[in-house]
Each structure stands twice: as C-alpha cells, then as structure tokens.
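Below: the structure, in structure tokens.
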Amino acid sequence: MTAAVPRVALTPGEPAGVGPDLVVRLAQAPHAAELVAVADPALLRTRAAALGLSLSVLAFEPQAPARPSAGGALRVLPVPTAAPASAGRLDARNSPYVLETLRRAVAGCLEGAFDALVTGPVHKGIVNDAGIPFSGHTEFLAALAGGDPVMMLVCPGLRVALATTHLPLAAVPQAVTAGRLERVLRVLHRDLVGRFGIARPRILVCGLNPHAGEGGHLGREEIDVIAPVLGRLRAGGMHLDGPLPADTAFVPARLAQADVVLAMYHDQGLPVLKHLGFGRAVNVTLGLPLIRTSVDHGTALDLAGTARADLGSLEAALATACAMVDATRFSRR
C-alpha cells in the first residue's frame, strides 16, 4: 500500500526578510511532499520576479488528496499583507500578517489539513514595535495549539535539546528546577519515540556548573536537583547519562552513545551544534500537538531579494518534518 503524501504548510515569516525568497527557491524543485505556502500570493510572485525565477501559484485544495509538488509551482493558502512588502525594509503594519499566517497554518495542522508546519524566520523586534507582545515563534505556537514545548536543534550527527531557552544567564540556575527538568525529559523521551522512531532514546544530560559542580565545590545544582531527577526517571525506565561536565559531553566517544544531548541553557549547547552544522541545522519544537520545524537563522534583511541566502536550512527543515510525519504515522499503526 502506498503511503499518503505528506502535506506541509510553509510560513515564510517576515515578508521583508529572506523567508519569501527561500520559499520561492524551494518551490523550484519537485518534492515528494505537497508544499502549501500560507502567505500573500502577490508577495511570492513579486519576490520570484525579483529573483528572476518562474513561479506558478496554484490554489490550495484542502479536500483533494495531497499530491507531490512539481518544480516551479507552489500551492498557496492566501493571506494578504497589510502593506506592500519591500525586500530589506521592515514595516510594522505587516506584523499582524506574519502572525495571521501562523494562526492559519496551526489551525490547518490541528484540523488535519496539514501534516506538519515548517516556519521561516520572523523578526521579533518589528512585531513588538507594532504593539503586539511577542517573545518568539515557539511561545506563540504553544499559545495557539497548547502543549508543553521543548526546543531541540538537529543537524547531521547531533541533536541538542534545551532545559531552558531564552533567559538571561543570571536567571538560569533558578529556572533549572526539578519540575522543569522532569517535564523536559519526559517530553524529550516521548517525542524521540513517537516523532523520531527511536525505540529507547539515549539521553545525555549536561550539568549546570563547570565540571558538573565538582562534587559540590562549584555549585550544588547537580547534587540537589539534576541527579535526583535523573535517578527517578532511570528507575522508570529512561536511558539517561549524567549529569556530565558540558566541556566533555560533546566529545565523539560520548556522542556515539547518545541520541540527544540535553543542555541546561541556550549557550551551553547551541554553539556546539551551530559550529558543526550551521546552515544545515533545523529547529524542532517538541511537545506540541503538531509537527513543527524551522530554519536555524534569522530574517537576514541585507540578503532579501538577492538570491544569496543559503537554502540549506529550509531544505533540511522540510526533510526533517517529512521524516517526522513518517515516523509518527508508523508509531500509530
């Protein structure tokens, strides 16, 4: 029996940035999935013309079976911009448009019209300048869809999840609580099984302090918080290694024994991953009732409309989303 073609929603993100360029360029090649851009068709046509590319904009047909995307064509669920978008020039009037594309895409995922969502980069500053409180994609999606989001970045050879995300460094120790750590580990374990098809995930857990606290001499979070949580979850059957010193957690011998590394804070884990795979890395939001992947870069306003932006991360985000759709379908059989 032939597997159903995955239908993937694409939100280009900030209309002045490289997101529309990348979506137009992605659509130049055929894909095994059906791609549906949730965007302003006029914006996509204008950006395609600026890049010297041909683009056939097709109507989205949610009632029809999903079909592989042909090169040079793109199905579009239309959402109009509030003002004409110019490459490289932010306009706060279009911030509601950016959020509306996300609302429409998430609704489609929750209703079963889409199998996954792939997001382009947004500009948090201009959304806030429009008077709209916005701390980021992940938080906005969680508010729309519910769930318990956990941030994980993936590149060839490495997955890194985060116990805390966008916090000042001074706030991290107070945020690494037993409750948070247990919640993150349970979501991470569950979605590695259900979304990635890893039957018994091996999770390597970093300590918070240098040398994982040096037996309490450099901090007690490992002794008082992290180790007890790991002990309880190991007793429940999870395969957990740690808490380990972060400066040796990423050596090849250790990574060969792990499916994912859980870092305690943003800049403990992500510099390693981005050094290894920037431009090919994918941001995956675990813990949501939908599959969401994203690029690993920002809006790159200076590259918008120039065809110089690297397409690799969007291609990887699409491939990861489709693999997650396949693994999720298999786990539910």
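Within each chain, counting starts at residue 1; across the structure tokens, chains are named A, B, ... in the order shown, with ligands numbered 1 upward in that order.
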Which residues of region 100-133 of chain A sit at most 8 Å from region 33-42 of chain A, using only C-alpha atoms? Give each one's shortest atom pair and distance in Å (one decimal place), in chain and ascending residue order, as a tab-separated table.
residue	atom	partner	partner_atom	distance
A:Thr101	CA	A:Val38	CA	5.7
A:Leu102	CA	A:Val38	CA	8.0
A:Arg104	CA	A:Val38	CA	7.4
A:Ala105	CA	A:Val38	CA	6.6
Kindly assemble as JSON lines a list of the region 135-221 of chain A residues that lie within 10 Å of region 293-308 of chain A, each paired with its nearest atom pair and their distance in Å to one decimal, using only C-alpha atoms, sorted first by chain and then by ascending residue number.
{"residue": "A:His137", "atom": "CA", "partner": "A:Ser294", "partner_atom": "CA", "distance": 9.4}
{"residue": "A:Met152", "atom": "CA", "partner": "A:Thr293", "partner_atom": "CA", "distance": 9.6}
{"residue": "A:Leu153", "atom": "CA", "partner": "A:Asp296", "partner_atom": "CA", "distance": 8.1}
{"residue": "A:Val154", "atom": "CA", "partner": "A:Asp296", "partner_atom": "CA", "distance": 9.4}
{"residue": "A:Cys155", "atom": "CA", "partner": "A:Asp296", "partner_atom": "CA", "distance": 9.9}
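For the residues A:His189, A:Cys322, A:Thr46, A:Phe140, ranking by smallest atom-to-atom distance to Gly236 (chain A) using only C-alpha atoms places A:His189 first.
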DSSP helix (DSSP H, G or I) selection over region 92-263 of chain A, as a ChimeraX atom specification: /A:92-111,124-129,137-145,169-175,178-194,210-216,221-235,246-249,252-255
Among the residues A:Val18, A:Ala258, A:Val187, A:Ala199, the one that comes closest to Leu240 (chain A) [using only C-alpha atoms]: A:Ala258
